[in-house]
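Working notes, beginning with the structure itself.
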Amino acid sequence: VGILRAEVSDTSLRTEYEKLTRRLLERAVDSPARRPDEVLDSAIHPEALRLCRRNWQRRMIQEHQSAQVFSSMLPDLIEAEATIDVKVCVLRSAMDELHHAALCADVVSYLGGVPEVETNLQLPPIAPHPGVPALERSLRNLFFVGCLSETVAVSLLTEERELVKDPYVARVLKQLAGDETLHARIGWVYLREVWPTLDEAARERTIEYLYVALAYYEKCMVDATPFASIPPIILAEARSIGFADCRESRALFYETMESVIIPQLEEIGLPARKAWDARASATSTNKVGDVTLTG
Ligand SMILES: [Fe+2]
Ligand SMILES: [Fe+2]
């Protein structure tokens, strides 16, 4: 256990980091950085503030987890002879996630909190898929992260963006949503490219994995969204400064599976409908990947 922060040092690397962030990682014309004149609405209920601080602190951990997941994919992609654009976009995603962690830390400060969180700094590694060829390993992990986790993250962020009122937090959410959209797309593009090249045996193994992955992902999402009853007035205030309600998140997760992910997988040629419907009977509890609620 240690303290997770997202500070910038006072060395010359700070300049490099700031240049990189401004020129490469920020997407919109509107920088997500907080402006000097931006202050939080002082009328926000303390309980709403407390919930939001915890929410944004938790995100600092999830974003680091996502950064670790993307950066861990490089060796498999190299071994799998992936094209250079895939490798660069995956590493860009890792940088995006670290940038997100910094943005989340800034929001914690804005909300009057301390931008750090105590957690186990040994984050879980990505699934190794022993005995599976590199191409399939990279496909499985990029599928799990891009087509499942990041695709759901985009839905959750879209919902949050509709409810947020604070202009600074709105810009941060816009940056996160834009980035997670790319992260999801990497998974979908890779799946569309790689799936048709797999031989019969590789497809069978991948389909077997699909059954386990969907069941495992559902379990992760259910675990990550424990229901807590929050008074409606507090919830509305929390949402005005960026808050994901678990009940809503879980409903959105199912909706995204049904209306986006399953149909898209089917269209590519994977028997996702059958796999999703059979998830209750999926027996393997092997860890198949890592989940991040907000990508
Ligand atoms: Fe992401
Ligand atoms: Fe992220």
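Within each chain, counting starts at residue 1; across the structure tokens, chains are named A, B, ... in the order shown, with ligands numbered 1 upward in that order.
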Could you build a table of the residues in chain A lying no more than 8 Å from ligand 2, giving for each the nearest pair of atoms and their separation in Å rounded to one decimal place, using only C-alpha atoms and all ligand atoms, ordered by chain and ascending residue number, as a tab-separated table?
residue	atom	partner	partner_atom_place_in_ligand_line	distance
A:Gln62	CA	ligand 2	1 (Fe)	7.6
A:Glu63	CA	ligand 2	1 (Fe)	5.0
A:Ser66	CA	ligand 2	1 (Fe)	6.6
A:Ala67	CA	ligand 2	1 (Fe)	7.9
A:Asp96	CA	ligand 2	1 (Fe)	6.6
A:Glu97	CA	ligand 2	1 (Fe)	4.5
A:Leu98	CA	ligand 2	1 (Fe)	7.8
A:His100	CA	ligand 2	1 (Fe)	5.4
A:Ala101	CA	ligand 2	1 (Fe)	7.5
A:Leu176	CA	ligand 2	1 (Fe)	6.0
A:Asp179	CA	ligand 2	1 (Fe)	7.1
A:Glu180	CA	ligand 2	1 (Fe)	6.1
A:Thr294	CA	ligand 2	1 (Fe)	6.1
A:Gly295	CA	ligand 2	1 (Fe)	4.3
Per-residue nearest contacts chain A to ligand 1, cut-off 12 Å, using only C-alpha atoms and all ligand atoms, as a Markdown table:
| residue | atom | partner | partner_atom_place_in_ligand_line | distance |
| --- | --- | --- | --- | --- |
| A:Arg59 | CA | ligand 1 | 1 (Fe) | 11.3 |
| A:Gln62 | CA | ligand 1 | 1 (Fe) | 9.5 |
| A:Glu63 | CA | ligand 1 | 1 (Fe) | 7.4 |
| A:His64 | CA | ligand 1 | 1 (Fe) | 10.0 |
| A:Gln65 | CA | ligand 1 | 1 (Fe) | 9.8 |
| A:Ser66 | CA | ligand 1 | 1 (Fe) | 6.3 |
| A:Ala67 | CA | ligand 1 | 1 (Fe) | 7.9 |
| A:Gln68 | CA | ligand 1 | 1 (Fe) | 10.9 |
| A:Val69 | CA | ligand 1 | 1 (Fe) | 9.7 |
| A:Phe70 | CA | ligand 1 | 1 (Fe) | 8.7 |
| A:Ser71 | CA | ligand 1 | 1 (Fe) | 11.8 |
| A:Cys89 | CA | ligand 1 | 1 (Fe) | 11.4 |
| A:Val90 | CA | ligand 1 | 1 (Fe) | 10.0 |
| A:Leu91 | CA | ligand 1 | 1 (Fe) | 11.2 |
| A:Arg92 | CA | ligand 1 | 1 (Fe) | 10.2 |
| A:Ser93 | CA | ligand 1 | 1 (Fe) | 6.5 |
| A:Ala94 | CA | ligand 1 | 1 (Fe) | 7.9 |
| A:Met95 | CA | ligand 1 | 1 (Fe) | 9.7 |
| A:Asp96 | CA | ligand 1 | 1 (Fe) | 7.2 |
| A:Glu97 | CA | ligand 1 | 1 (Fe) | 5.9 |
| A:Leu98 | CA | ligand 1 | 1 (Fe) | 9.7 |
| A:His99 | CA | ligand 1 | 1 (Fe) | 10.5 |
| A:His100 | CA | ligand 1 | 1 (Fe) | 8.6 |
| A:Ala101 | CA | ligand 1 | 1 (Fe) | 10.8 |
| A:Leu142 | CA | ligand 1 | 1 (Fe) | 11.5 |
| A:Phe144 | CA | ligand 1 | 1 (Fe) | 11.9 |
| A:Val145 | CA | ligand 1 | 1 (Fe) | 8.2 |
| A:Gly146 | CA | ligand 1 | 1 (Fe) | 8.0 |
| A:Cys147 | CA | ligand 1 | 1 (Fe) | 11.1 |
| A:Leu148 | CA | ligand 1 | 1 (Fe) | 11.0 |
| A:Ser149 | CA | ligand 1 | 1 (Fe) | 8.2 |
| A:Glu150 | CA | ligand 1 | 1 (Fe) | 5.6 |
| A:Thr151 | CA | ligand 1 | 1 (Fe) | 9.0 |
| A:Val152 | CA | ligand 1 | 1 (Fe) | 10.3 |
| A:Ala153 | CA | ligand 1 | 1 (Fe) | 7.7 |
| A:Val154 | CA | ligand 1 | 1 (Fe) | 8.8 |
| A:Leu157 | CA | ligand 1 | 1 (Fe) | 11.1 |
| A:Gln175 | CA | ligand 1 | 1 (Fe) | 10.9 |
| A:Leu176 | CA | ligand 1 | 1 (Fe) | 7.7 |
| A:Ala177 | CA | ligand 1 | 1 (Fe) | 8.6 |
| A:Gly178 | CA | ligand 1 | 1 (Fe) | 9.4 |
| A:Asp179 | CA | ligand 1 | 1 (Fe) | 6.4 |
| A:Glu180 | CA | ligand 1 | 1 (Fe) | 4.3 |
| A:Thr181 | CA | ligand 1 | 1 (Fe) | 7.8 |
| A:Leu182 | CA | ligand 1 | 1 (Fe) | 7.9 |
| A:His183 | CA | ligand 1 | 1 (Fe) | 5.3 |
| A:Ala184 | CA | ligand 1 | 1 (Fe) | 7.4 |
| A:Arg185 | CA | ligand 1 | 1 (Fe) | 10.4 |
| A:Ile186 | CA | ligand 1 | 1 (Fe) | 10.3 |
| A:Gly187 | CA | ligand 1 | 1 (Fe) | 10.9 |
| A:Val291 | CA | ligand 1 | 1 (Fe) | 10.7 |
| A:Thr292 | CA | ligand 1 | 1 (Fe) | 8.3 |
| A:Leu293 | CA | ligand 1 | 1 (Fe) | 9.5 |
| A:Thr294 | CA | ligand 1 | 1 (Fe) | 7.1 |
| A:Gly295 | CA | ligand 1 | 1 (Fe) | 3.8 |
Show me, as JSON lines, the residues of range 104-196 of chain A having an atom within 10 Å of range 36-46 of chain A, each with the closest atom pair and its distance in Å, using only C-alpha atoms.
{"residue": "A:Tyr110", "atom": "CA", "partner": "A:Leu40", "partner_atom": "CA", "distance": 7.0}
{"residue": "A:Leu111", "atom": "CA", "partner": "A:Leu40", "partner_atom": "CA", "distance": 7.0}
{"residue": "A:Gly112", "atom": "CA", "partner": "A:Leu40", "partner_atom": "CA", "distance": 9.0}
{"residue": "A:Asp166", "atom": "CA", "partner": "A:Leu40", "partner_atom": "CA", "distance": 7.7}
{"residue": "A:Pro167", "atom": "CA", "partner": "A:Glu38", "partner_atom": "CA", "distance": 8.5}
{"residue": "A:Tyr168", "atom": "CA", "partner": "A:Glu38", "partner_atom": "CA", "distance": 7.2}
{"residue": "A:Val169", "atom": "CA", "partner": "A:Leu40", "partner_atom": "CA", "distance": 9.8}
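Backbone DSSP of range 4-157 of chain A yields strand (DSSP E) at Leu4, Arg5, Glu116, Val117, Glu118 and Thr119 of chain A.
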Could you take the residues named above and write them with all heavy atoms, as a PDB file, in the first residue's frame?
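What landed in out-v5.pdb:
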ATOM      1  N   LEU A   4      -0.908   7.215  -4.008  1.00  0.00           N
ATOM      2  CA  LEU A   4      -0.921   7.511  -5.439  1.00  0.00           C
ATOM      3  C   LEU A   4      -1.165   9.007  -5.637  1.00  0.00           C
ATOM      4  O   LEU A   4      -2.130   9.555  -5.118  1.00  0.00           O
ATOM      5  CB  LEU A   4      -2.035   6.705  -6.109  1.00  0.00           C
ATOM      6  CG  LEU A   4      -2.041   6.724  -7.628  1.00  0.00           C
ATOM      7  CD1 LEU A   4      -0.930   5.848  -8.169  1.00  0.00           C
ATOM      8  CD2 LEU A   4      -3.379   6.232  -8.138  1.00  0.00           C
ATOM      9  N   ARG A   5      -0.250   9.629  -6.378  1.00  0.00           N
ATOM     10  CA  ARG A   5      -0.404  11.054  -6.683  1.00  0.00           C
ATOM     11  C   ARG A   5      -0.227  11.248  -8.180  1.00  0.00           C
ATOM     12  O   ARG A   5       0.150  10.321  -8.891  1.00  0.00           O
ATOM     13  CB  ARG A   5       0.676  11.863  -5.949  1.00  0.00           C
ATOM     14  CG  ARG A   5       0.596  11.777  -4.446  1.00  0.00           C
ATOM     15  CD  ARG A   5       1.614  12.716  -3.795  1.00  0.00           C
ATOM     16  NE  ARG A   5       1.567  12.609  -2.346  1.00  0.00           N
ATOM     17  CZ  ARG A   5       2.295  11.761  -1.634  1.00  0.00           C
ATOM     18  NH1 ARG A   5       3.145  10.938  -2.238  1.00  0.00           N
ATOM     19  NH2 ARG A   5       2.187  11.704  -0.318  1.00  0.00           N
ATOM     20  N   GLU A 116      -4.570  12.994  -3.665  1.00  0.00           N
ATOM     21  CA  GLU A 116      -3.819  11.751  -3.498  1.00  0.00           C
ATOM     22  C   GLU A 116      -4.760  10.706  -2.934  1.00  0.00           C
ATOM     23  O   GLU A 116      -5.805  11.027  -2.371  1.00  0.00           O
ATOM     24  CB  GLU A 116      -2.618  11.961  -2.577  1.00  0.00           C
ATOM     25  CG  GLU A 116      -2.991  12.523  -1.214  1.00  0.00           C
ATOM     26  CD  GLU A 116      -1.768  12.718  -0.327  1.00  0.00           C
ATOM     27  OE1 GLU A 116      -0.749  13.205  -0.828  1.00  0.00           O
ATOM     28  OE2 GLU A 116      -1.867  12.371   0.864  1.00  0.00           O
ATOM     29  N   VAL A 117      -4.367   9.454  -3.109  1.00  0.00           N
ATOM     30  CA  VAL A 117      -5.227   8.381  -2.627  1.00  0.00           C
ATOM     31  C   VAL A 117      -4.376   7.195  -2.197  1.00  0.00           C
ATOM     32  O   VAL A 117      -3.397   6.839  -2.858  1.00  0.00           O
ATOM     33  CB  VAL A 117      -6.283   8.006  -3.702  1.00  0.00           C
ATOM     34  CG1 VAL A 117      -5.653   7.686  -5.034  1.00  0.00           C
ATOM     35  CG2 VAL A 117      -7.184   6.869  -3.245  1.00  0.00           C
ATOM     36  N   GLU A 118      -4.733   6.643  -1.055  1.00  0.00           N
ATOM     37  CA  GLU A 118      -3.972   5.502  -0.551  1.00  0.00           C
ATOM     38  C   GLU A 118      -4.506   4.241  -1.212  1.00  0.00           C
ATOM     39  O   GLU A 118      -5.718   4.005  -1.234  1.00  0.00           O
ATOM     40  CB  GLU A 118      -4.147   5.414   0.967  1.00  0.00           C
ATOM     41  CG  GLU A 118      -3.089   4.545   1.609  1.00  0.00           C
ATOM     42  CD  GLU A 118      -3.235   4.497   3.126  1.00  0.00           C
ATOM     43  OE1 GLU A 118      -2.756   5.428   3.793  1.00  0.00           O
ATOM     44  OE2 GLU A 118      -3.816   3.512   3.610  1.00  0.00           O
ATOM     45  N   THR A 119      -3.621   3.467  -1.777  1.00  0.00           N
ATOM     46  CA  THR A 119      -4.052   2.261  -2.480  1.00  0.00           C
ATOM     47  C   THR A 119      -2.883   1.283  -2.617  1.00  0.00           C
ATOM     48  O   THR A 119      -1.734   1.642  -2.368  1.00  0.00           O
ATOM     49  CB  THR A 119      -4.601   2.630  -3.880  1.00  0.00           C
ATOM     50  OG1 THR A 119      -5.161   1.464  -4.483  1.00  0.00           O
ATOM     51  CG2 THR A 119      -3.524   3.169  -4.803  1.00  0.00           C
TER      52      THR A 119
END
Write down as a VMD selection string the residues belonging to range 142-248 of chain A that are assigned alpha helix (DSSP H) by DSSP computed on the backbone. chain A and resid 142 151 to 163 167 to 194 200 to 224 232 to 240 246 to 248
Please provide as a count of residues only all residues within 8 Å of range 252-259 of chain A, with the sequence filter that same-chain residues fewer than 2 positions apart are discarded (counting only C-alpha atoms). 11
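The nearest approach to Ala80 in chain A among the residues A:Glu208, A:Glu18, A:Glu136, A:Asp223, with only C-alpha atoms taken into account, belongs to A:Glu136.
Among A:Val194, A:Leu173, A:Ala224, A:Ile268, the residue with the shortest atom-to-atom distance to Arg27 in chain A, counting only C-alpha atoms, is A:Leu173.
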Which polymer residues have any atom within 7 Å of an atom of Phe243 in chain A, counting only C-alpha atoms, with same-chain residues fewer than 3 positions away left out, as a PDB file with C-alpha atoms, in the first residue's frame?
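And here is the file that came out, selection02.pdb:
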ATOM      1  CA  CYS A  52     -17.489  13.574  -5.742  1.00  0.00           C
ATOM      2  CA  ASN A  55     -15.308   9.499  -7.074  1.00  0.00           C
ATOM      3  CA  GLU A 160     -22.061  12.266 -17.020  1.00  0.00           C
ATOM      4  CA  ALA A 238     -23.052  15.653  -7.131  1.00  0.00           C
ATOM      5  CA  ARG A 239     -23.852  15.164 -10.803  1.00  0.00           C
TER       6      ARG A 239
END
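Distances here use only C-alpha atoms; by that measure, the residue among A:Ala215, A:Leu77, A:Cys246, A:Ile61 closest to Ala272 in chain A is A:Ala215.
When only C-alpha atoms are used to compute distances to Val8 in chain A, the closest of the residues A:Asp30, A:Asp106, A:Arg192, A:Gln57 turns out to be A:Asp106.
Of note, CA of Glu79 in chain A and CA of Arg203 in chain A are spaced 19.0 Å apart.
Minimum atom-to-atom distance to Ala170 in chain A, evaluated using only C-alpha atoms, belongs to A:Arg34 out of A:Arg50, A:Arg137, A:Arg34, A:Arg279.
The closest residue to Val114 in chain A, picked from A:Pro231, A:Trp188, A:Asp245, A:Trp56 and counting only C-alpha atoms, is A:Trp56.
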